[in-house]
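Below is target20.cif, holding mmCIF, C-alpha atoms.
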```
data_input
#
loop_
_atom_site.group_PDB
_atom_site.id
_atom_site.type_symbol
_atom_site.label_atom_id
_atom_site.label_comp_id
_atom_site.auth_asym_id
_atom_site.auth_seq_id
_atom_site.Cartn_x
_atom_site.Cartn_y
_atom_site.Cartn_z
ATOM 1 C CA MET C 380 20.341 23.629 -53.877
ATOM 2 C CA LYS C 381 19.907 25.302 -50.485
ATOM 3 C CA LYS C 382 22.068 23.750 -47.798
ATOM 4 C CA ASN C 383 21.310 23.299 -44.096
ATOM 5 C CA ASP C 384 23.634 24.013 -41.188
ATOM 6 C CA PHE C 385 24.655 20.855 -39.378
ATOM 7 C CA GLY C 386 26.824 22.623 -36.851
ATOM 8 C CA TYR C 387 29.462 24.228 -39.060
ATOM 9 C CA GLU C 388 28.928 21.675 -41.831
ATOM 10 C CA GLN C 389 26.648 22.344 -44.816
ATOM 11 C CA LEU C 390 24.333 19.468 -45.820
ATOM 12 C CA THR C 391 21.355 18.827 -48.053
ATOM 13 C CA LYS C 392 17.972 18.563 -46.326
ATOM 14 C CA SER C 393 17.891 14.775 -46.520
ATOM 15 C CA GLU C 394 21.457 14.502 -45.195
ATOM 16 C CA HIS C 395 20.650 16.930 -42.375
ATOM 17 C CA TYR C 396 17.531 14.981 -41.340
ATOM 18 C CA LYS C 397 19.415 11.678 -41.192
ATOM 19 C CA LYS C 398 22.380 13.115 -39.304
ATOM 20 C CA VAL C 399 20.191 14.775 -36.670
ATOM 21 C CA GLN C 400 18.355 11.474 -36.207
ATOM 22 C CA ASN C 401 21.683 9.761 -35.707
ATOM 23 C CA VAL C 402 22.780 12.350 -33.129
ATOM 24 C CA PHE C 403 19.735 11.703 -30.951
ATOM 25 C CA ASP C 404 19.939 7.940 -31.424
ATOM 26 C CA ASN C 405 23.412 8.230 -29.923
ATOM 27 C CA VAL C 406 22.595 10.511 -26.994
ATOM 28 C CA ALA C 407 19.089 9.362 -25.951
ATOM 29 C CA LYS C 408 20.139 7.051 -23.126
ATOM 30 C CA GLU C 409 22.256 9.639 -21.308
ATOM 31 C CA TYR C 410 20.451 12.758 -22.551
ATOM 32 C CA ASP C 411 19.000 13.945 -19.235
ATOM 33 C CA LEU C 412 22.204 13.191 -17.311
ATOM 34 C CA MET C 413 24.259 15.104 -19.860
ATOM 35 C CA ASN C 414 21.887 18.084 -19.593
ATOM 36 C CA ASP C 415 22.654 18.248 -15.877
ATOM 37 C CA ILE C 416 26.397 18.039 -16.464
ATOM 38 C CA MET C 417 26.602 20.379 -19.476
ATOM 39 C CA SER C 418 24.543 23.134 -17.843
ATOM 40 C CA LEU C 419 25.923 22.544 -14.338
ATOM 41 C CA GLY C 420 22.309 21.969 -13.285
ATOM 42 C CA LEU C 421 21.097 25.305 -14.650
ATOM 43 C CA HIS C 422 18.735 23.619 -17.139
ATOM 44 C CA ARG C 423 16.450 22.769 -14.205
ATOM 45 C CA ILE C 424 16.059 26.482 -13.381
ATOM 46 C CA TRP C 425 15.535 27.355 -17.072
ATOM 47 C CA LYS C 426 12.834 24.706 -17.444
ATOM 48 C CA LYS C 427 11.117 25.835 -14.250
ATOM 49 C CA ASP C 428 10.975 29.402 -15.625
ATOM 50 C CA PHE C 429 9.732 28.034 -18.942
ATOM 51 C CA VAL C 430 6.858 26.069 -17.396
ATOM 52 C CA ASN C 431 5.971 29.024 -15.150
ATOM 53 C CA LEU C 432 5.221 31.051 -18.292
ATOM 54 C CA ILE C 433 2.409 28.651 -19.196
ATOM 55 C CA ASP C 434 -1.023 30.140 -18.458
ATOM 56 C CA ILE C 435 -3.646 27.495 -17.698
ATOM 57 C CA ASP C 436 -7.359 28.175 -17.315
ATOM 58 C CA ASN C 437 -8.385 25.404 -14.915
ATOM 59 C CA LYS C 438 -12.013 25.749 -16.009
ATOM 60 C CA LYS C 439 -11.228 24.532 -19.521
ATOM 61 C CA LYS C 440 -9.995 21.227 -20.886
ATOM 62 C CA ILE C 441 -6.494 22.132 -22.024
ATOM 63 C CA ASN C 442 -4.672 20.243 -24.768
ATOM 64 C CA ILE C 443 -0.908 20.766 -24.892
ATOM 65 C CA LEU C 444 1.600 19.774 -27.553
ATOM 66 C CA ASP C 445 5.142 19.258 -26.300
ATOM 67 C CA LEU C 446 6.974 19.254 -29.619
ATOM 68 C CA ALA C 447 10.421 17.650 -29.821
ATOM 69 C CA GLY C 448 9.447 16.421 -26.356
ATOM 70 C CA GLY C 449 12.178 13.798 -26.305
ATOM 71 C CA THR C 450 12.511 12.136 -22.923
ATOM 72 C CA GLY C 451 9.413 13.896 -21.571
ATOM 73 C CA ASP C 452 11.265 16.232 -19.216
ATOM 74 C CA ILE C 453 9.106 19.292 -19.968
ATOM 75 C CA ALA C 454 5.879 17.258 -20.080
ATOM 76 C CA LYS C 455 6.615 15.845 -16.618
ATOM 77 C CA ARG C 456 7.093 19.329 -15.207
ATOM 78 C CA ILE C 457 3.866 20.556 -16.805
ATOM 79 C CA LEU C 458 1.829 17.596 -15.552
ATOM 80 C CA LYS C 459 3.156 17.838 -12.011
ATOM 81 C CA LYS C 460 1.953 21.441 -11.932
ATOM 82 C CA TYR C 461 -1.224 20.902 -13.974
ATOM 83 C CA PRO C 462 -2.185 17.208 -13.605
ATOM 84 C CA ASP C 463 -5.529 17.558 -15.410
ATOM 85 C CA VAL C 464 -4.233 18.755 -18.785
ATOM 86 C CA SER C 465 -3.713 16.484 -21.785
ATOM 87 C CA VAL C 466 -0.221 16.373 -23.276
ATOM 88 C CA ASN C 467 0.820 15.108 -26.697
ATOM 89 C CA ILE C 468 4.561 14.429 -26.713
ATOM 90 C CA ILE C 469 5.780 14.432 -30.299
ATOM 91 C CA ASP C 470 9.345 13.661 -31.286
ATOM 92 C CA LYS C 471 10.749 12.359 -34.556
ATOM 93 C CA ASN C 472 13.317 10.237 -32.729
ATOM 94 C CA PHE C 473 11.978 6.916 -31.443
ATOM 95 C CA MET C 474 14.926 6.341 -29.094
ATOM 96 C CA MET C 475 14.194 9.615 -27.280
ATOM 97 C CA LEU C 476 10.496 8.773 -26.923
ATOM 98 C CA LYS C 477 11.403 5.316 -25.655
ATOM 99 C CA GLU C 478 13.010 6.946 -22.616
ATOM 100 C CA THR C 479 9.594 8.370 -21.714
ATOM 101 C CA PHE C 480 7.695 5.181 -22.531
ATOM 102 C CA ASP C 481 10.000 3.158 -20.287
ATOM 103 C CA GLU C 482 8.671 5.178 -17.329
ATOM 104 C CA LYS C 483 5.365 3.302 -17.464
ATOM 105 C CA SER C 484 4.076 4.646 -14.142
ATOM 106 C CA PHE C 485 4.368 8.212 -15.440
ATOM 107 C CA VAL C 486 2.654 7.385 -18.732
ATOM 108 C CA LYS C 487 -0.202 5.571 -16.957
ATOM 109 C CA GLU C 488 -0.732 8.224 -14.279
ATOM 110 C CA TYR C 489 -1.410 11.151 -16.611
ATOM 111 C CA ASN C 490 -3.266 11.865 -19.851
ATOM 112 C CA ILE C 491 -0.311 11.510 -22.237
ATOM 113 C CA LYS C 492 0.016 10.500 -25.864
ATOM 114 C CA LEU C 493 3.434 9.612 -27.240
ATOM 115 C CA ILE C 494 3.672 10.189 -30.988
ATOM 116 C CA CYS C 495 6.702 9.532 -33.177
ATOM 117 C CA GLY C 496 6.276 12.367 -35.641
ATOM 118 C CA ASP C 497 7.985 15.215 -37.410
ATOM 119 C CA GLY C 498 7.820 18.849 -36.308
ATOM 120 C CA GLU C 499 7.716 19.894 -39.948
ATOM 121 C CA ASN C 500 4.643 17.716 -40.600
ATOM 122 C CA ILE C 501 2.867 17.631 -37.238
ATOM 123 C CA PRO C 502 0.410 14.688 -37.186
ATOM 124 C CA LEU C 503 -2.411 16.667 -35.541
ATOM 125 C CA PRO C 504 -5.516 18.453 -36.922
ATOM 126 C CA ASP C 505 -5.749 22.190 -37.549
ATOM 127 C CA ASN C 506 -6.737 24.349 -34.557
ATOM 128 C CA SER C 507 -6.569 21.456 -32.084
ATOM 129 C CA ILE C 508 -3.976 22.599 -29.523
ATOM 130 C CA ASP C 509 -4.212 25.250 -26.784
ATOM 131 C CA ILE C 510 -0.513 25.511 -25.912
ATOM 132 C CA ILE C 511 2.644 24.402 -27.719
ATOM 133 C CA THR C 512 5.945 23.987 -25.907
ATOM 134 C CA LEU C 513 9.158 23.565 -27.876
ATOM 135 C CA SER C 514 12.218 23.306 -25.668
ATOM 136 C CA PHE C 515 15.719 23.176 -27.191
ATOM 137 C CA GLY C 516 14.319 21.533 -30.304
ATOM 138 C CA VAL C 517 13.724 24.119 -33.005
ATOM 139 C CA ARG C 518 17.396 24.516 -33.882
ATOM 140 C CA ASN C 519 17.522 20.801 -34.789
ATOM 141 C CA MET C 520 14.664 21.079 -37.294
ATOM 142 C CA THR C 521 15.670 20.633 -40.923
ATOM 143 C CA ASP C 522 13.209 23.355 -42.007
ATOM 144 C CA ARG C 523 12.666 25.661 -39.030
ATOM 145 C CA LEU C 524 10.251 28.008 -40.768
ATOM 146 C CA LYS C 525 8.088 25.106 -41.922
ATOM 147 C CA CYS C 526 8.022 23.867 -38.319
ATOM 148 C CA LEU C 527 6.782 27.284 -37.157
ATOM 149 C CA TYR C 528 4.078 27.290 -39.841
ATOM 150 C CA GLU C 529 2.999 23.844 -38.645
ATOM 151 C CA CYS C 530 2.883 25.025 -35.036
ATOM 152 C CA TYR C 531 0.681 27.931 -36.099
ATOM 153 C CA ARG C 532 -1.595 25.567 -38.042
ATOM 154 C CA VAL C 533 -2.320 23.167 -35.161
ATOM 155 C CA LEU C 534 -2.678 25.928 -32.554
ATOM 156 C CA LYS C 535 -6.144 27.211 -31.723
ATOM 157 C CA LYS C 536 -6.951 30.878 -32.184
ATOM 158 C CA GLY C 537 -5.808 32.636 -29.018
ATOM 159 C CA GLY C 538 -3.378 29.793 -28.295
ATOM 160 C CA THR C 539 0.159 30.217 -26.971
ATOM 161 C CA PHE C 540 3.453 29.132 -28.498
ATOM 162 C CA LEU C 541 6.380 28.837 -26.067
ATOM 163 C CA CYS C 542 9.858 28.171 -27.417
ATOM 164 C CA MET C 543 13.045 27.929 -25.364
ATOM 165 C CA GLU C 544 16.356 27.882 -27.187
ATOM 166 C CA PHE C 545 20.028 28.517 -26.576
ATOM 167 C CA SER C 546 21.562 31.826 -27.538
ATOM 168 C CA MET C 547 24.940 33.502 -27.056
ATOM 169 C CA PRO C 548 25.908 35.572 -24.000
ATOM 170 C CA GLU C 549 26.080 39.303 -24.607
ATOM 171 C CA ASN C 550 28.772 39.874 -21.982
ATOM 172 C CA TYR C 551 32.253 39.452 -23.507
ATOM 173 C CA THR C 552 33.803 37.715 -20.477
ATOM 174 C CA LEU C 553 30.865 35.352 -20.018
ATOM 175 C CA ARG C 554 30.920 34.574 -23.737
ATOM 176 C CA ASN C 555 34.592 33.552 -23.593
ATOM 177 C CA ILE C 556 33.976 31.325 -20.566
ATOM 178 C CA TYR C 557 30.935 29.822 -22.284
ATOM 179 C CA ASP C 558 32.932 29.146 -25.476
ATOM 180 C CA ALA C 559 35.753 27.501 -23.545
ATOM 181 C CA TRP C 560 33.348 25.245 -21.627
ATOM 182 C CA SER C 561 31.351 24.419 -24.757
ATOM 183 C CA PHE C 562 34.173 23.570 -27.152
ATOM 184 C CA LEU C 563 36.815 22.191 -24.777
ATOM 185 C CA MET C 564 34.725 20.298 -22.236
ATOM 186 C CA ILE C 565 31.276 19.329 -23.557
ATOM 187 C CA PRO C 566 32.444 17.096 -26.469
ATOM 188 C CA ARG C 567 34.898 15.360 -24.115
ATOM 189 C CA LEU C 568 32.153 14.777 -21.563
ATOM 190 C CA GLY C 569 29.958 13.485 -24.385
ATOM 191 C CA LYS C 570 32.664 10.993 -25.306
ATOM 192 C CA LEU C 571 33.158 9.899 -21.695
ATOM 193 C CA ILE C 572 29.507 9.628 -20.598
ATOM 194 C CA ALA C 573 27.400 9.200 -23.749
ATOM 195 C CA LYS C 574 30.150 7.571 -25.836
ATOM 196 C CA SER C 575 29.513 10.119 -28.589
ATOM 197 C CA GLU C 576 31.945 13.022 -28.886
ATOM 198 C CA ASP C 577 30.802 14.009 -32.391
ATOM 199 C CA SER C 578 27.144 14.283 -31.327
ATOM 200 C CA TYR C 579 27.972 16.813 -28.630
ATOM 201 C CA LYS C 580 30.346 18.666 -30.932
ATOM 202 C CA TYR C 581 27.351 19.130 -33.272
ATOM 203 C CA LEU C 582 25.070 20.247 -30.422
ATOM 204 C CA VAL C 583 27.606 22.906 -29.387
ATOM 205 C CA GLU C 584 28.094 24.129 -32.961
ATOM 206 C CA SER C 585 24.349 24.197 -33.640
ATOM 207 C CA ILE C 586 23.934 26.875 -30.968
ATOM 208 C CA ARG C 587 26.432 29.116 -32.785
ATOM 209 C CA THR C 588 24.660 28.780 -36.134
ATOM 210 C CA PHE C 589 21.138 29.333 -34.767
ATOM 211 C CA PRO C 590 19.579 32.735 -35.624
ATOM 212 C CA ARG C 591 20.030 35.583 -33.155
ATOM 213 C CA PRO C 592 16.939 36.392 -31.022
ATOM 214 C CA ILE C 593 15.855 39.296 -33.260
ATOM 215 C CA GLU C 594 16.198 37.072 -36.338
ATOM 216 C CA PHE C 595 14.146 34.307 -34.724
ATOM 217 C CA ILE C 596 11.407 36.825 -33.885
ATOM 218 C CA GLU C 597 11.332 37.752 -37.583
ATOM 219 C CA MET C 598 10.805 34.053 -38.385
ATOM 220 C CA LEU C 599 7.937 33.890 -35.875
ATOM 221 C CA GLU C 600 6.349 36.950 -37.478
ATOM 222 C CA LYS C 601 6.727 35.402 -40.928
ATOM 223 C CA ALA C 602 4.821 32.367 -39.607
ATOM 224 C CA GLU C 603 2.027 34.785 -38.514
ATOM 225 C CA PHE C 604 2.700 34.680 -34.749
ATOM 226 C CA LYS C 605 1.979 37.905 -32.859
ATOM 227 C CA LYS C 606 2.781 39.602 -29.539
ATOM 228 C CA THR C 607 6.147 37.868 -29.150
ATOM 229 C CA THR C 608 8.037 38.526 -25.937
ATOM 230 C CA ILE C 609 11.547 37.343 -24.968
ATOM 231 C CA LYS C 610 12.765 36.335 -21.539
ATOM 232 C CA GLN C 611 16.556 36.119 -21.332
ATOM 233 C CA LEU C 612 18.085 33.745 -18.788
ATOM 234 C CA SER C 613 21.633 33.390 -17.403
ATOM 235 C CA GLY C 614 23.098 36.334 -19.284
ATOM 236 C CA ASN C 615 21.322 35.433 -22.555
ATOM 237 C CA ILE C 616 22.643 31.851 -22.638
ATOM 238 C CA VAL C 617 18.987 30.872 -23.019
ATOM 239 C CA CYS C 618 16.006 32.778 -24.458
ATOM 240 C CA ILE C 619 12.317 31.976 -24.005
ATOM 241 C CA PHE C 620 10.051 33.223 -26.787
ATOM 242 C CA LYS C 621 6.347 33.508 -26.061
ATOM 243 C CA SER C 622 3.980 34.184 -28.970
ATOM 244 C CA LYS C 623 0.222 34.128 -29.678
ATOM 245 C CA LYS C 624 -1.980 33.013 -32.518
ATOM 246 C CA ILE C 625 -4.408 35.903 -32.881
#
```

For this file, produce the structure as structure tokens.
Amino acid sequence: MKKNDFGYEQLTKSEHYKKVQNVFDNVAKEYDLMNDIMSLGLHRIWKKDFVNLIDIDNKKKINILDLAGGTGDIAKRILKKYPDVSVNIIDKNFMMLKETFDEKSFVKEYNIKLICGDGENIPLPDNSIDIITLSFGVRNMTDRLKCLYECYRVLKKGGTFLCMEFSMPENYTLRNIYDAWSFLMIPRLGKLIAKSEDSYKYLVESIRTFPRPIEFIEMLEKAEFKKTTIKQLSGNIVCIFKSKKI
């Protein structure tokens, strides 16, 4: 039976799904605060660059899927820039979505749907979405390739798929600094702030076991996506992949 990486641990698909759910149950409340601390605020710059890669035709009614949208951080940035678009925030973890729902003024102000659903079985019709955003979520999918196939299915012809994910620095010195910060500090901060050291240990390890950028592009091509470009940020700590459904 094929095993899944859960950090450095090998699990069955059902075990992986349950453990990832448990991780995000544990971290949901302090997720955004921990993003600020873990990235030293850099995640705000990365997400700004990510949203700036979205091309919106203001003459059309645009329907966006923010997959693994969690606390709604990306959706909020999109809607502040493009307040007339419709955004479906889908996340399989109810506790993460609850963080968005609790901001009732935000949910009421914009055209937002919150859906508790799985990225490997997206609860949307074929060819119904203009743009998909997937930010720091694909590496937590139990079946990443199936998720990409699902994204392709729900995307309209000519639609755009934008995926931002962690990678590993190419510079040797930066890589050593990054490793030291990741393995020595982040789990300890997770224990102190989010009361979950093991969850942040997994999140650090999951970056190391995620496919390299060239390997992820091969996965995108296998799922039929075309014209993929990569934007590397902060010395390749983060990569943004932009693909089309032709």

Subject >> Picked residues, the PyMOL selection byres ((chain C and resi 490) around 8), as a VMD selection string >> reply: chain C and resid 463 to 466 486 to 489 491 to 492

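Pairwise distance (atom CA of C:Pro566, atom CA of C:Lys397) equals 20.4 Å.
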
Original post:
On this structure, which residues satisfy the PyMOL selection byres ((chain C and resi 608) around 7), written as an NGL selection string?
Top reply: :C and (606-607 or 609-610 or 620-622)

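Checking C:Leu476, C:Ile433, C:Cys526, C:Val517 one by one against C:Asn500, counting all atoms listed in the file, you find the shortest gap at C:Cys526.
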
**OP:** Would you translate the PyMOL selection byres ((chain C and resi 393) around 12) into the concrete set of residues it matches in this file, as a ChimeraX atom specification?
**Re:** /C:380-383,385,389-392,394-400,520-522

**OP:** Determine, counting all atoms listed in the file, which protein, DNA and RNA residues have an atom within 12 Å of an atom of stretch 592-597 of chain C; residues of the same chain fewer than 4 positions away are not included. Present the result as a PyMOL selection string.
**Re:** chain C and resi 517-518+523-524+527+542-549+586+588+601-611+615-622

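The spacing separating atom CA of C:Phe480 from atom CA of C:Val402 amounts to 19.8 Å.
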
Subject >> Nearby residues, (-5.8, 24.7, -15.2) file frame, 10 Å, only C-alpha atoms, as a ChimeraX atom specification >> reply: /C:433-441,460-464

Subject >> Å distance separating atom CA of C:Phe540 from atom CA of C:Gly451, one decimal place >> reply: 17.8 Å

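Checking C:Arg591, C:Lys477, C:Arg423, C:Lys536 one by one against C:Ala407, counting only C-alpha atoms, you find the shortest gap at C:Lys477.
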
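With only C-alpha atoms as the atoms that count, the residue of C:Ser613, C:Ser585, C:Asn506, C:Thr512 with the shortest distance to C:Gly386 is C:Ser585.
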
C:Thr450 surroundings by all atoms listed in the file, 7 Å radius, close-in-sequence under 5 positions cut, as a compact mmCIF listing (two decimals) with C-alpha atoms, keeping the file's coordinate frame:
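Saved to selection.txt:
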```
# COMPACT_ATOMS: atom_id res chain seq x y z
CA MET C 475 14.19 9.62 -27.28
CA LEU C 476 10.50 8.77 -26.92
CA GLU C 478 13.01 6.95 -22.62
CA THR C 479 9.59 8.37 -21.71
```

**OP:** Find the spatial neighbours of C:Val406, counting all atoms listed in the file, within a cut-off of 10 Å - ignore same-chain residues fewer than 3 positions away - and output them as a PyMOL selection string.
**Re:** chain C and resi 401-403+409-411+413+474-475+569+572-576+578-579

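Among C:Ala447, C:Asn550, C:Ile453, C:Arg532, the residue with the shortest atom-to-atom distance to C:Cys495, counting all atoms listed in the file, is C:Ala447.
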
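Of the listed residues (C:Gly516, C:Asp558, C:Leu568, C:Leu503), C:Gly516 comes nearest to C:Phe589; the distances count only C-alpha atoms.
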
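The residue set within 10 Å of C:Ile424, counting all atoms listed in the file and dropping same-chain residues fewer than 4 places from it, reads Gly420, Asp428, Phe429, Leu612 and Ser613 of chain C.
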
Can those selected residues be exported to a file as a short mmCIF file (atom, residue, chain, number, x, y, z; two decimals), in the frame of the given file so that it contains C-alpha atoms?
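Everything below was put into part-v8.cif:
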```cif
data_model
loop_
_atom_site.label_atom_id
_atom_site.label_comp_id
_atom_site.auth_asym_id
_atom_site.auth_seq_id
_atom_site.Cartn_x
_atom_site.Cartn_y
_atom_site.Cartn_z
CA GLY C 420 22.31 21.97 -13.28
CA ASP C 428 10.98 29.40 -15.62
CA PHE C 429 9.73 28.03 -18.94
CA LEU C 612 18.08 33.74 -18.79
CA SER C 613 21.63 33.39 -17.40
#
```
